[in-house]
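Asks: run-v7.cif (mmCIF, C-alpha atoms) pasted underneath:
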```cif
data_start
loop_
_atom_site.label_atom_id
_atom_site.label_comp_id
_atom_site.auth_asym_id
_atom_site.auth_seq_id
_atom_site.Cartn_x
_atom_site.Cartn_y
_atom_site.Cartn_z
CA MET A 1 -20.48 -41.24 -39.80
CA ALA A 2 -21.92 -42.66 -42.99
CA ALA A 3 -22.03 -39.37 -44.90
CA GLU A 4 -18.60 -38.06 -43.88
CA GLY A 5 -15.62 -38.97 -46.07
CA LYS A 6 -17.10 -41.01 -48.92
CA ALA A 7 -20.63 -40.12 -49.95
CA ILE A 8 -22.13 -43.49 -49.08
CA ASP A 9 -20.38 -45.93 -46.77
CA ALA A 10 -22.57 -49.03 -46.78
CA LEU A 11 -19.90 -51.59 -45.98
CA SER A 12 -18.29 -50.39 -42.76
CA GLN A 13 -21.30 -51.77 -40.87
CA PHE A 14 -19.88 -55.24 -41.54
CA GLU A 15 -16.49 -54.51 -39.95
CA LEU A 16 -15.63 -56.62 -36.96
CA ALA A 17 -14.55 -54.93 -33.76
CA PRO A 18 -13.52 -56.57 -30.52
CA VAL A 19 -15.73 -56.40 -27.46
CA LEU A 20 -14.95 -56.92 -23.77
CA GLY A 21 -11.85 -54.70 -23.99
CA VAL A 22 -8.37 -56.25 -23.86
CA VAL A 23 -9.61 -59.76 -23.12
CA GLY A 24 -12.00 -59.74 -26.05
CA ASN A 25 -9.33 -58.30 -28.31
CA SER A 26 -6.75 -60.90 -27.37
CA VAL A 27 -9.11 -63.83 -28.04
CA GLY A 28 -10.64 -62.18 -31.11
CA PHE A 29 -14.08 -62.00 -29.53
CA SER A 30 -15.88 -59.51 -31.81
CA GLN A 31 -19.33 -57.99 -31.69
CA SER A 32 -20.32 -60.71 -34.16
CA ASN A 33 -19.58 -63.35 -31.53
CA ALA A 34 -21.32 -61.27 -28.87
CA HIS A 35 -24.45 -61.37 -31.00
CA MET A 36 -24.06 -65.12 -31.47
CA LEU A 37 -23.91 -65.43 -27.70
CA LEU A 38 -26.94 -63.17 -27.38
CA ALA A 39 -28.83 -65.30 -29.92
CA ILE A 40 -27.93 -68.43 -27.96
CA VAL A 41 -29.06 -66.84 -24.71
CA LEU A 42 -32.35 -65.76 -26.28
CA ILE A 43 -32.98 -69.15 -27.91
CA THR A 44 -32.21 -70.97 -24.68
CA ALA A 45 -34.35 -68.50 -22.72
CA LEU A 46 -37.25 -69.03 -25.11
CA MET A 47 -37.00 -72.81 -24.98
CA VAL A 48 -36.30 -73.13 -21.23
CA TYR A 49 -38.12 -70.18 -19.68
CA GLY A 50 -40.95 -70.49 -22.20
CA MET A 51 -41.48 -74.15 -21.32
CA ALA A 52 -40.87 -73.69 -17.58
CA ARG A 53 -44.54 -73.93 -16.64
CA ARG A 54 -44.97 -77.15 -18.62
CA ALA A 55 -48.60 -76.17 -19.10
CA ILE A 56 -51.05 -78.48 -20.81
CA ILE A 57 -52.67 -75.40 -22.32
CA PRO A 58 -49.68 -73.27 -23.36
CA GLY A 59 -49.34 -69.54 -22.79
CA ARG A 60 -47.95 -67.20 -25.44
CA LEU A 61 -44.26 -67.85 -24.87
CA GLN A 62 -44.80 -71.59 -24.52
CA ALA A 63 -46.89 -71.61 -27.69
CA LEU A 64 -44.04 -69.84 -29.47
CA ALA A 65 -41.48 -72.33 -28.21
CA GLU A 66 -43.73 -75.24 -29.12
CA SER A 67 -44.46 -73.82 -32.58
CA ALA A 68 -40.73 -73.50 -33.24
CA TYR A 69 -40.22 -77.07 -32.03
CA GLU A 70 -43.08 -78.49 -34.06
CA PHE A 71 -42.21 -76.46 -37.16
CA VAL A 72 -38.67 -77.84 -37.31
CA ASP A 73 -39.87 -81.27 -36.23
CA GLY A 74 -42.34 -81.29 -39.13
CA LEU A 75 -39.62 -80.12 -41.48
CA VAL A 76 -37.23 -82.89 -40.45
CA THR A 77 -39.86 -85.63 -40.41
CA GLU A 78 -41.28 -84.57 -43.76
CA GLN A 79 -37.95 -84.24 -45.54
CA VAL A 80 -35.77 -86.90 -43.95
CA GLY A 81 -38.37 -89.31 -42.57
CA GLU A 82 -38.39 -91.13 -39.25
CA GLU A 83 -34.63 -91.75 -39.46
CA GLY A 84 -34.21 -87.99 -39.35
CA LYS A 85 -35.28 -87.78 -35.70
CA ARG A 86 -31.71 -87.94 -34.46
CA PHE A 87 -30.73 -84.96 -36.60
CA PHE A 88 -33.59 -82.91 -35.21
CA PRO A 89 -31.56 -81.13 -32.45
CA PHE A 90 -28.95 -80.18 -35.03
CA VAL A 91 -31.45 -78.81 -37.57
CA PHE A 92 -33.33 -77.06 -34.77
CA SER A 93 -30.14 -75.39 -33.50
CA LEU A 94 -29.19 -74.41 -37.03
CA PHE A 95 -32.60 -72.96 -37.87
CA MET A 96 -32.94 -71.00 -34.63
CA PHE A 97 -29.33 -69.78 -34.79
CA VAL A 98 -29.72 -68.44 -38.32
CA LEU A 99 -33.21 -67.07 -37.63
CA PHE A 100 -32.16 -65.23 -34.48
CA GLY A 101 -29.00 -64.00 -36.20
CA ASN A 102 -31.08 -62.56 -39.06
CA LEU A 103 -33.70 -61.05 -36.75
CA LEU A 104 -31.23 -59.57 -34.24
CA GLY A 105 -29.45 -57.91 -37.15
CA LEU A 106 -32.57 -55.88 -37.90
CA LEU A 107 -32.47 -54.16 -34.52
CA PRO A 108 -30.81 -50.73 -34.44
CA TYR A 109 -27.11 -50.82 -33.43
CA ALA A 110 -27.14 -54.60 -33.70
CA PHE A 111 -24.74 -56.63 -35.81
CA THR A 112 -25.85 -59.28 -38.31
CA PHE A 113 -23.48 -62.20 -37.91
CA THR A 114 -25.18 -64.04 -40.81
CA SER A 115 -23.91 -61.27 -43.12
CA HIS A 116 -20.41 -62.73 -42.89
CA ILE A 117 -19.48 -65.30 -45.49
CA ALA A 118 -17.06 -66.82 -43.00
CA VAL A 119 -19.93 -67.50 -40.61
CA THR A 120 -22.41 -68.79 -43.18
CA PHE A 121 -19.71 -70.91 -44.79
CA GLY A 122 -18.73 -72.19 -41.36
CA LEU A 123 -22.31 -73.33 -40.78
CA ALA A 124 -22.58 -74.77 -44.30
CA PHE A 125 -19.28 -76.56 -43.74
CA ILE A 126 -20.64 -78.16 -40.58
CA VAL A 127 -23.67 -79.32 -42.62
CA PHE A 128 -21.42 -80.61 -45.39
CA VAL A 129 -19.21 -82.56 -43.01
CA LEU A 130 -22.29 -83.94 -41.26
CA ILE A 131 -24.02 -85.16 -44.43
CA THR A 132 -20.81 -86.71 -45.75
CA VAL A 133 -20.04 -88.47 -42.47
CA VAL A 134 -23.64 -89.68 -42.13
CA ALA A 135 -23.71 -90.98 -45.70
CA LEU A 136 -20.40 -92.79 -45.24
CA ALA A 137 -21.44 -94.21 -41.88
CA ILE A 138 -24.75 -95.54 -43.20
CA HIS A 139 -23.79 -96.67 -46.69
CA GLY A 140 -20.01 -97.19 -46.51
CA THR A 141 -18.38 -97.31 -49.93
CA LYS A 142 -21.81 -97.55 -51.59
CA PHE A 143 -21.98 -93.81 -50.90
CA PHE A 144 -19.72 -93.23 -53.90
CA GLY A 145 -22.41 -94.74 -56.13
CA TYR A 146 -24.24 -91.51 -55.39
CA PHE A 147 -22.08 -89.79 -57.96
CA PHE A 148 -23.20 -92.12 -60.74
CA PRO A 149 -26.97 -92.63 -60.88
CA GLU A 150 -28.14 -96.19 -61.51
CA GLY A 151 -29.42 -96.90 -65.01
CA ALA A 152 -27.36 -94.20 -66.72
CA PRO A 153 -25.37 -95.47 -69.73
CA ILE A 154 -21.81 -96.28 -68.72
CA TRP A 155 -20.23 -94.18 -71.48
CA LEU A 156 -21.78 -91.09 -69.89
CA ALA A 157 -19.78 -91.68 -66.71
CA PRO A 158 -16.91 -89.33 -67.65
CA ILE A 159 -19.46 -86.53 -67.89
CA ILE A 160 -21.92 -87.43 -65.12
CA VAL A 161 -19.42 -88.25 -62.38
CA PRO A 162 -17.50 -84.95 -62.48
CA VAL A 163 -20.79 -83.01 -62.72
CA GLU A 164 -22.20 -84.87 -59.73
CA ILE A 165 -19.03 -84.40 -57.71
CA VAL A 166 -18.91 -80.69 -58.50
CA SER A 167 -22.59 -80.29 -57.63
CA TYR A 168 -22.02 -82.16 -54.36
CA LEU A 169 -19.00 -80.05 -53.46
CA SER A 170 -20.79 -76.83 -54.39
CA ARG A 171 -23.54 -77.51 -51.86
CA PRO A 172 -21.85 -75.73 -48.94
CA ILE A 173 -20.88 -72.87 -51.25
CA SER A 174 -24.39 -72.26 -52.59
CA LEU A 175 -25.85 -72.76 -49.11
CA SER A 176 -23.52 -70.21 -47.54
CA ILE A 177 -23.53 -67.64 -50.36
CA ARG A 178 -27.34 -67.61 -50.53
CA LEU A 179 -27.70 -66.60 -46.89
CA PHE A 180 -24.68 -64.27 -46.91
CA ALA A 181 -25.73 -62.46 -50.10
CA ASN A 182 -29.31 -62.02 -48.95
CA MET A 183 -28.31 -60.53 -45.62
CA VAL A 184 -25.58 -58.31 -47.07
CA ALA A 185 -27.84 -57.04 -49.86
CA GLY A 186 -30.62 -56.22 -47.42
CA HIS A 187 -28.37 -54.38 -44.98
CA VAL A 188 -26.54 -52.50 -47.73
CA MET A 189 -29.89 -51.36 -49.13
CA LEU A 190 -31.05 -50.25 -45.69
CA LYS A 191 -27.82 -48.34 -45.17
CA VAL A 192 -27.88 -46.75 -48.62
CA PHE A 193 -31.42 -45.47 -48.24
CA ALA A 194 -30.73 -44.37 -44.67
CA THR A 195 -27.80 -42.34 -46.03
CA PHE A 196 -30.10 -40.87 -48.69
CA ILE A 197 -32.39 -39.68 -45.92
CA LEU A 198 -29.50 -37.77 -44.32
CA LEU A 199 -28.08 -36.43 -47.61
CA ILE A 200 -31.41 -35.29 -49.05
CA GLY A 201 -32.69 -34.09 -45.69
CA GLY A 202 -29.81 -31.59 -45.54
CA LEU A 203 -30.67 -29.98 -48.91
CA GLY A 204 -32.24 -26.66 -48.01
CA VAL A 205 -35.89 -26.12 -47.22
CA ILE A 206 -37.55 -28.81 -49.33
CA GLY A 207 -34.92 -31.41 -48.39
CA PRO A 208 -36.77 -32.85 -45.38
CA PHE A 209 -39.94 -33.30 -47.47
CA VAL A 210 -38.15 -35.17 -50.25
CA ALA A 211 -36.28 -37.23 -47.64
CA VAL A 212 -39.62 -38.81 -46.73
CA LEU A 213 -39.33 -40.93 -49.89
CA PRO A 214 -36.19 -42.89 -48.92
CA LEU A 215 -37.60 -43.10 -45.39
CA ALA A 216 -40.75 -44.73 -46.76
CA ILE A 217 -38.61 -47.09 -48.79
CA ASN A 218 -36.63 -48.00 -45.69
CA VAL A 219 -39.81 -48.71 -43.75
CA ALA A 220 -40.91 -51.06 -46.53
CA LEU A 221 -37.41 -52.58 -46.65
CA VAL A 222 -37.46 -53.38 -42.94
CA GLY A 223 -40.69 -55.31 -43.46
CA PHE A 224 -39.19 -57.03 -46.46
CA GLU A 225 -36.03 -57.85 -44.50
CA LEU A 226 -38.17 -59.38 -41.77
CA LEU A 227 -39.60 -61.71 -44.40
CA VAL A 228 -36.14 -62.45 -45.78
CA ALA A 229 -34.87 -63.20 -42.25
CA PHE A 230 -37.50 -65.93 -41.84
CA LEU A 231 -37.28 -67.15 -45.40
CA GLN A 232 -33.50 -67.55 -45.43
CA ALA A 233 -33.49 -69.36 -42.09
CA TYR A 234 -36.18 -71.64 -43.50
CA VAL A 235 -34.26 -72.18 -46.73
CA PHE A 236 -31.07 -72.97 -44.82
CA ALA A 237 -32.91 -75.50 -42.64
CA ILE A 238 -34.87 -77.15 -45.44
CA LEU A 239 -31.81 -77.50 -47.69
CA THR A 240 -29.97 -79.07 -44.77
CA CYS A 241 -32.90 -81.48 -44.41
CA ILE A 242 -32.86 -82.30 -48.13
CA TYR A 243 -29.12 -82.98 -47.98
CA LEU A 244 -29.65 -85.14 -44.91
CA HIS A 245 -32.35 -87.03 -46.81
CA ASP A 246 -29.87 -87.69 -49.62
CA ALA A 247 -27.28 -88.80 -47.07
CA VAL A 248 -29.70 -91.18 -45.35
CA HIS A 249 -31.43 -92.58 -48.44
CA LEU A 250 -28.93 -91.92 -51.29
CA HIS A 251 -31.41 -90.34 -53.75
CA MET B 252 -31.58 -71.53 -14.79
CA THR B 253 -33.90 -69.11 -13.08
CA PRO B 254 -35.66 -66.44 -15.14
CA ARG B 255 -33.78 -63.68 -13.32
CA ILE B 256 -30.40 -65.04 -14.41
CA LEU B 257 -31.67 -65.36 -17.97
CA ILE B 258 -32.90 -61.77 -18.03
CA ALA B 259 -29.62 -60.55 -16.57
CA ALA B 260 -27.73 -62.49 -19.22
CA SER B 261 -29.91 -61.04 -21.98
CA LEU B 262 -29.33 -57.51 -20.71
CA PHE B 263 -25.62 -58.20 -20.63
CA GLY B 264 -25.80 -59.43 -24.23
CA LEU B 265 -27.72 -56.31 -25.29
CA ALA B 266 -25.04 -54.15 -23.68
CA LEU B 267 -22.26 -55.82 -25.67
CA PRO B 268 -22.73 -53.84 -28.91
CA ALA B 269 -22.38 -50.62 -26.91
CA LEU B 270 -19.14 -51.94 -25.45
CA ALA B 271 -18.02 -52.73 -28.98
CA LEU B 272 -18.56 -49.15 -30.07
CA ALA B 273 -16.54 -47.93 -27.10
CA ALA B 274 -13.64 -50.29 -27.77
CA THR B 275 -13.10 -49.41 -31.43
CA THR B 276 -9.53 -48.32 -32.08
CA GLY B 277 -8.39 -45.87 -34.72
CA GLU B 278 -4.72 -46.79 -35.35
CA VAL B 279 -5.21 -49.56 -37.92
CA PRO B 280 -5.43 -48.84 -41.67
CA PRO B 281 -8.96 -48.58 -43.16
CA VAL B 282 -10.56 -51.71 -44.58
CA GLU B 283 -10.61 -51.83 -48.39
CA GLY B 284 -13.66 -53.44 -50.09
CA MET B 285 -15.94 -55.82 -48.24
CA PRO B 286 -14.93 -56.31 -44.62
CA GLN B 287 -16.27 -59.89 -44.88
CA LEU B 288 -13.50 -60.76 -47.34
CA ALA B 289 -10.66 -58.70 -45.83
CA PHE B 290 -8.66 -61.72 -44.74
CA GLY B 291 -5.41 -59.87 -45.54
CA HIS B 292 -6.17 -56.91 -43.26
CA PRO B 293 -4.06 -57.01 -40.07
CA GLU B 294 -7.04 -56.52 -37.72
CA GLN B 295 -10.03 -57.76 -39.77
CA GLY B 296 -8.24 -60.92 -40.92
CA ARG B 297 -7.55 -61.88 -37.33
CA PHE B 298 -11.16 -61.22 -36.32
CA LEU B 299 -12.58 -63.05 -39.33
CA VAL B 300 -10.70 -66.20 -38.40
CA ALA B 301 -11.57 -65.78 -34.73
CA ASN B 302 -15.18 -65.21 -35.75
CA VAL B 303 -15.33 -68.68 -37.30
CA VAL B 304 -13.57 -70.29 -34.34
CA TRP B 305 -16.02 -68.64 -31.96
CA LEU B 306 -18.86 -69.66 -34.28
CA PHE B 307 -17.88 -73.32 -33.93
CA ILE B 308 -17.54 -72.98 -30.15
CA LEU B 309 -20.81 -71.10 -29.70
CA PHE B 310 -22.81 -73.19 -32.16
CA GLY B 311 -21.50 -76.28 -30.38
CA LEU B 312 -22.67 -74.76 -27.11
CA LEU B 313 -26.11 -74.07 -28.61
CA TYR B 314 -26.31 -77.63 -29.96
CA VAL B 315 -25.41 -79.10 -26.57
CA LEU B 316 -27.86 -76.85 -24.76
CA MET B 317 -30.65 -77.71 -27.18
CA SER B 318 -30.04 -81.44 -27.51
CA THR B 319 -29.38 -82.24 -23.85
CA TYR B 320 -31.46 -79.68 -22.02
CA ALA B 321 -34.02 -77.61 -23.91
CA LEU B 322 -35.49 -79.91 -26.55
CA PRO B 323 -36.06 -82.98 -24.32
CA ARG B 324 -38.12 -80.75 -22.02
CA VAL B 325 -40.28 -79.59 -24.91
CA ALA B 326 -40.59 -83.17 -26.10
CA SER B 327 -41.67 -84.33 -22.63
CA VAL B 328 -44.29 -81.56 -22.39
CA LEU B 329 -45.66 -82.42 -25.83
CA GLU B 330 -45.64 -86.12 -24.97
CA GLU B 331 -47.41 -85.39 -21.68
CA ARG B 332 -50.10 -83.43 -23.51
CA ARG B 333 -50.51 -86.15 -26.13
CA ALA B 334 -50.83 -88.80 -23.42
CA ARG B 335 -53.31 -86.64 -21.52
CA ILE B 336 -55.46 -86.08 -24.60
CA GLU B 337 -55.31 -89.74 -25.49
CA ALA B 338 -56.30 -90.75 -21.94
CA ASP B 339 -59.18 -88.27 -22.02
CA LEU B 340 -60.33 -89.62 -25.35
CA GLU B 341 -60.13 -93.15 -24.03
CA GLN B 342 -62.09 -92.16 -20.96
CA ALA B 343 -64.72 -90.51 -23.13
CA GLN B 344 -64.89 -93.62 -25.29
CA ALA B 345 -65.32 -95.83 -22.25
CA ALA B 346 -68.06 -93.55 -20.92
CA LYS B 347 -69.79 -93.67 -24.28
CA GLN B 348 -69.56 -97.45 -24.30
CA ARG B 349 -71.04 -97.59 -20.82
CA ALA B 350 -73.84 -95.27 -21.91
CA ASP B 351 -74.46 -97.38 -25.00
CA ALA B 352 -74.56 -100.54 -22.89
CA ALA B 353 -76.99 -98.93 -20.44
CA LEU B 354 -79.18 -97.78 -23.30
CA ALA B 355 -79.16 -101.25 -24.85
CA GLU B 356 -79.99 -102.77 -21.47
CA HIS B 357 -82.82 -100.33 -20.99
CA GLN B 358 -84.15 -101.05 -24.46
CA ALA B 359 -83.94 -104.78 -23.84
CA ALA B 360 -85.78 -104.39 -20.54
CA THR B 361 -88.48 -102.32 -22.22
CA ALA B 362 -88.88 -104.86 -24.99
CA LYS B 363 -89.05 -107.70 -22.47
CA ALA B 364 -91.65 -105.87 -20.39
CA ARG B 365 -93.72 -105.20 -23.47
CA ALA B 366 -93.52 -108.84 -24.55
CA ASP B 367 -94.47 -109.98 -21.03
CA ALA B 368 -97.41 -107.62 -20.98
CA GLN B 369 -98.56 -108.82 -24.40
CA ALA B 370 -98.24 -112.43 -23.33
CA ALA B 371 -100.24 -111.74 -20.17
CA ILE B 372 -102.93 -109.99 -22.20
CA ALA B 373 -103.04 -112.89 -24.65
CA THR B 374 -103.31 -115.43 -21.82
CA ALA B 375 -106.02 -113.47 -20.11
CA THR B 376 -107.95 -113.09 -23.36
CA GLN B 377 -107.65 -116.78 -24.09
CA GLN B 378 -108.72 -117.71 -20.59
CA ALA B 379 -111.67 -115.36 -20.80
CA GLN B 380 -112.64 -116.78 -24.17
CA ALA B 381 -112.34 -120.35 -22.89
CA GLU B 382 -114.47 -119.53 -19.88
CA THR B 383 -117.05 -117.82 -22.05
CA THR B 384 -117.11 -120.77 -24.40
CA ALA B 385 -117.47 -123.23 -21.51
CA ARG B 386 -120.23 -121.20 -19.94
CA GLU B 387 -121.99 -120.89 -23.29
CA GLU B 388 -121.70 -124.61 -23.83
CA ALA B 389 -123.06 -125.36 -20.37
CA LEU B 390 -125.92 -122.94 -20.93
CA ASN B 391 -126.63 -124.48 -24.32
CA ALA B 392 -126.58 -127.95 -22.84
CA ARG B 393 -128.95 -126.93 -20.04
CA LEU B 394 -131.27 -125.19 -22.48
CA ALA B 395 -131.21 -128.22 -24.75
CA ALA B 396 -132.00 -130.45 -21.81
CA GLN B 397 -134.85 -128.19 -20.78
CA ILE B 398 -136.15 -128.10 -24.35
CA ASP B 399 -135.96 -131.91 -24.50
CA ALA B 400 -137.80 -132.22 -21.24
CA ALA B 401 -140.41 -129.74 -22.37
CA GLU B 402 -140.83 -131.54 -25.67
CA GLN B 403 -141.20 -134.82 -23.84
CA ARG B 404 -143.75 -133.28 -21.51
CA ILE B 405 -145.60 -131.81 -24.48
CA ALA B 406 -145.54 -135.16 -26.27
CA ALA B 407 -146.76 -136.90 -23.13
CA SER B 408 -149.52 -134.32 -22.70
CA ARG B 409 -150.52 -134.64 -26.34
CA ASP B 410 -150.55 -138.41 -26.08
CA ALA B 411 -152.62 -138.11 -22.99
CA ALA B 412 -154.88 -135.62 -24.72
CA MET B 413 -155.12 -137.86 -27.77
CA GLY B 414 -155.98 -140.77 -25.58
CA ALA B 415 -158.63 -138.72 -23.85
CA LEU B 416 -159.94 -137.51 -27.25
CA LYS B 417 -160.29 -141.11 -28.42
CA THR B 418 -162.28 -142.03 -25.35
CA VAL B 419 -164.42 -138.91 -25.62
CA ALA B 420 -164.98 -139.53 -29.34
CA ALA B 421 -165.83 -143.14 -28.74
CA ASP B 422 -168.22 -142.11 -25.95
CA ALA B 423 -169.82 -139.52 -28.18
CA ALA B 424 -170.01 -141.91 -31.11
CA GLU B 425 -171.45 -144.63 -28.93
CA ALA B 426 -174.01 -142.24 -27.53
CA LEU B 427 -174.94 -141.09 -31.03
CA VAL B 428 -175.16 -144.62 -32.32
CA ALA B 429 -177.16 -145.67 -29.30
CA ARG B 430 -179.60 -142.81 -29.77
CA LEU B 431 -179.92 -143.52 -33.47
CA THR B 432 -179.99 -147.24 -33.40
CA GLY B 433 -180.88 -148.01 -29.84
CA GLY B 434 -177.84 -150.07 -29.07
CA ALA B 435 -174.18 -149.89 -29.82
CA ASP B 436 -171.30 -152.23 -29.81
CA ARG B 437 -168.69 -150.54 -27.82
CA ALA B 438 -165.77 -152.40 -29.39
CA ALA B 439 -166.96 -151.73 -32.97
CA VAL B 440 -167.41 -148.03 -32.20
CA GLU B 441 -163.94 -147.79 -30.73
CA ARG B 442 -162.48 -149.46 -33.81
CA ALA B 443 -164.36 -147.14 -36.11
CA VAL B 444 -163.27 -144.04 -34.15
CA GLY B 445 -159.69 -145.27 -34.10
CA ALA B 446 -159.77 -145.88 -37.86
CA GLU B 447 -161.28 -142.44 -38.42
CA LEU B 448 -158.66 -140.76 -36.22
CA ALA B 449 -155.87 -142.63 -37.90
CA ALA B 450 -157.22 -141.59 -41.25
CA ARG B 451 -157.05 -137.93 -40.17
CA GLY B 452 -153.61 -138.44 -38.90
CA GLN B 453 -154.23 -137.68 -35.27
CA ALA B 454 -153.68 -141.03 -33.59
#
```
Step by step, read the file and then write its structure as structure tokens.
Replies:
Amino acid sequence: MAAEGKAIDALSQFELAPVLGVVGNSVGFSQSNAHMLLAIVLITALMVYGMARRAIIPGRLQALAESAYEFVDGLVTEQVGEEGKRFFPFVFSLFMFVLFGNLLGLLPYAFTFTSHIAVTFGLAFIVFVLITVVALAIHGTKFFGYFFPEGAPIWLAPIIVPVEIVSYLSRPISLSIRLFANMVAGHVMLKVFATFILLIGGLGVIGPFVAVLPLAINVALVGFELLVAFLQAYVFAILTCIYLHDAVHLH
Amino acid sequence: MTPRILIAASLFGLALPALALAATTGEVPPVEGMPQLAFGHPEQGRFLVANVVWLFILFGLLYVLMSTYALPRVASVLEERRARIEADLEQAQAAKQRADAALAEHQAATAKARADAQAAIATATQQAQAETTAREEALNARLAAQIDAAEQRIAASRDAAMGALKTVAADAAEALVARLTGGADRAAVERAVGAELAARGQA
């Protein structure tokens, strides 16, 4: 399919297509959403089935579930402090959702829902709304002092305030584009080199031997993408925590 | 949720991409550029918007599942383990304290026994010494008394002997005088003998 019309078609993998037939089509339920549902099922299975034995000495699955719990718990407590405890379920859901989205996307035939800017921006928008609402709820109108740091000379206000406001508003954009761009770049690379394997592999007798090169690159890329999957989920979660810290403490 | 239902649900989820491949339609125009940004495309645009709506619904579902169901269970298990470890540590500490107390008690008892033994030895030694001293003193006193008595007897015997010597000397002197002179004054002889004895220091 990839090597048919155009030489390299790296982008069609991101096209959305409805699942569940007519019903899915009518409610716009695409394979992206199916993978979200799958991620949710897997996360819930890990956390519920993994902890089902409630063992004092955990087995493998329970250790995995507990590590995930304690990793995010440590993240929240370290970045936000004790007040951050009530945001823990949110950050945990966010981290696991992004992580499972990234990891599921690496499976053959699977779709990477985190490669859609609409999805990553949707998540970043939820974070943005949350931090703004939390900051307003805790600090009231004092929250607007956030845009003008204390101690700065007053004549700098016309410069500092717009810069601060722009940097605050750009948070969801940078947060969403970082994840989106990383996932798209990785999957485009994988697709491009996979296409190379097919194109070069068809070139006569020596073709299959030369095609080993892009194959080797793809093997390395999959490992690299695995790292990126974890790293970007971590970055998404830790930036959310840092923003929450700002919202709770105002600097 | 039982594990079987979860596994069935996972399998269903894994089957979805295959369904997606089967349901793709070919009538719509091809997507130009990045499908992620094709908001103007008749099909893609619709799905992109729906994607976000479903994202909010599904992420909300995940949040509710996690916050009300999954995470509290993990928290309770972790709390249980922490409490268990703490209780075990406390128990161990209590046991150690008991052991320390027993050891201290034992040491105190040993020290007391040793002190008692030493005191008993000291008392016994003192008693023995006192007895020895008393016995020695009694012996000394008896010996002294015996020596005194002996000395007295000796003195008495010597006096008696001296007395006898005086008489014998006087007798001898009288006999000598009588033989030489033919007659002797007994009283004068006795005086002379006495004077002579006194002069020699034997009276």
Asks: Mind telling me what the PyMOL selection byres ((chain A) within 8 of (chain B)) catches here, as a PyMOL selection string?
Replies: chain A and resi 11-12+14-21+27-38+40-42+44-45+47-49+51+54-56+66+69+89-90+93+97+109-111+115-119+122
Asks: When the PyMOL selection byres ((chain A and resi 194-196) around 12) is applied to the structure above, which residues does it catch, written out as JSON, numbers by chain?
Replies: {"A": [1, 2, 3, 4, 6, 7, 8, 9, 10, 187, 188, 189, 190, 191, 192, 193, 197, 198, 199, 200, 201, 202, 203, 207, 208, 210, 211, 212, 213, 214, 215, 216, 217, 218, 219, 221, 222]}
Asks: Which residue, B:Ala362, B:Pro280, B:Ala421, B:Gly452, has the smallest gap to Val440 (chain B) when you use only C-alpha atoms?
Replies: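 Answer, going by the shortest atom-to-atom distance: B:Ala421.
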Asks: Which residues would end up in the selection if the PyMOL selection byres ((chain A and resi 171-175) around 9) were applied here, given that I need the answer as a PyMOL selection string?
Replies: chain A and resi 120-128+166-170+176-180+235-236+239-240+243
Asks: Next, the residues of the selection above should be written as a PDB file, keeping the file's coordinate frame with C-alpha atoms.
Replies:
```pdb
ATOM      1  CA  THR A 120     -22.410 -68.790 -43.180  1.00  0.00           C
ATOM      2  CA  PHE A 121     -19.710 -70.910 -44.790  1.00  0.00           C
ATOM      3  CA  GLY A 122     -18.730 -72.190 -41.360  1.00  0.00           C
ATOM      4  CA  LEU A 123     -22.310 -73.330 -40.780  1.00  0.00           C
ATOM      5  CA  ALA A 124     -22.580 -74.770 -44.300  1.00  0.00           C
ATOM      6  CA  PHE A 125     -19.280 -76.560 -43.740  1.00  0.00           C
ATOM      7  CA  ILE A 126     -20.640 -78.160 -40.580  1.00  0.00           C
ATOM      8  CA  VAL A 127     -23.670 -79.320 -42.620  1.00  0.00           C
ATOM      9  CA  PHE A 128     -21.420 -80.610 -45.390  1.00  0.00           C
ATOM     10  CA  VAL A 166     -18.910 -80.690 -58.500  1.00  0.00           C
ATOM     11  CA  SER A 167     -22.590 -80.290 -57.630  1.00  0.00           C
ATOM     12  CA  TYR A 168     -22.020 -82.160 -54.360  1.00  0.00           C
ATOM     13  CA  LEU A 169     -19.000 -80.050 -53.460  1.00  0.00           C
ATOM     14  CA  SER A 170     -20.790 -76.830 -54.390  1.00  0.00           C
ATOM     15  CA  SER A 176     -23.520 -70.210 -47.540  1.00  0.00           C
ATOM     16  CA  ILE A 177     -23.530 -67.640 -50.360  1.00  0.00           C
ATOM     17  CA  ARG A 178     -27.340 -67.610 -50.530  1.00  0.00           C
ATOM     18  CA  LEU A 179     -27.700 -66.600 -46.890  1.00  0.00           C
ATOM     19  CA  PHE A 180     -24.680 -64.270 -46.910  1.00  0.00           C
ATOM     20  CA  VAL A 235     -34.260 -72.180 -46.730  1.00  0.00           C
ATOM     21  CA  PHE A 236     -31.070 -72.970 -44.820  1.00  0.00           C
ATOM     22  CA  LEU A 239     -31.810 -77.500 -47.690  1.00  0.00           C
ATOM     23  CA  THR A 240     -29.970 -79.070 -44.770  1.00  0.00           C
ATOM     24  CA  TYR A 243     -29.120 -82.980 -47.980  1.00  0.00           C
TER      25      TYR A 243
END
```
Asks: Please write out, as AutoDock Vina command-line options, where the centre of an axis-aligned box around all listed atoms of region 398-415 of chain B lies and how long its edges are, in Å to one decimal, after adding 8 Å on each side.
Replies:
```
--center_x -147.3 --center_y -134.4 --center_z -24.5 --size_x 38.7 --size_y 28.7 --size_z 22.5
```
Asks: Just how far from CA of Pro162 (chain A) is CA of Cys241 (chain A), in Å to one decimal?
Replies: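 That distance, rounded to one decimal, is 24.0 Å.
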Asks: Calculate how many Å separate CA of Val444 (chain B) from CA of Ala412 (chain B), rounding to one decimal.
Replies: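 Computed distance, CA of Val444 (chain B) to CA of Ala412 (chain B), equals 15.2 Å.
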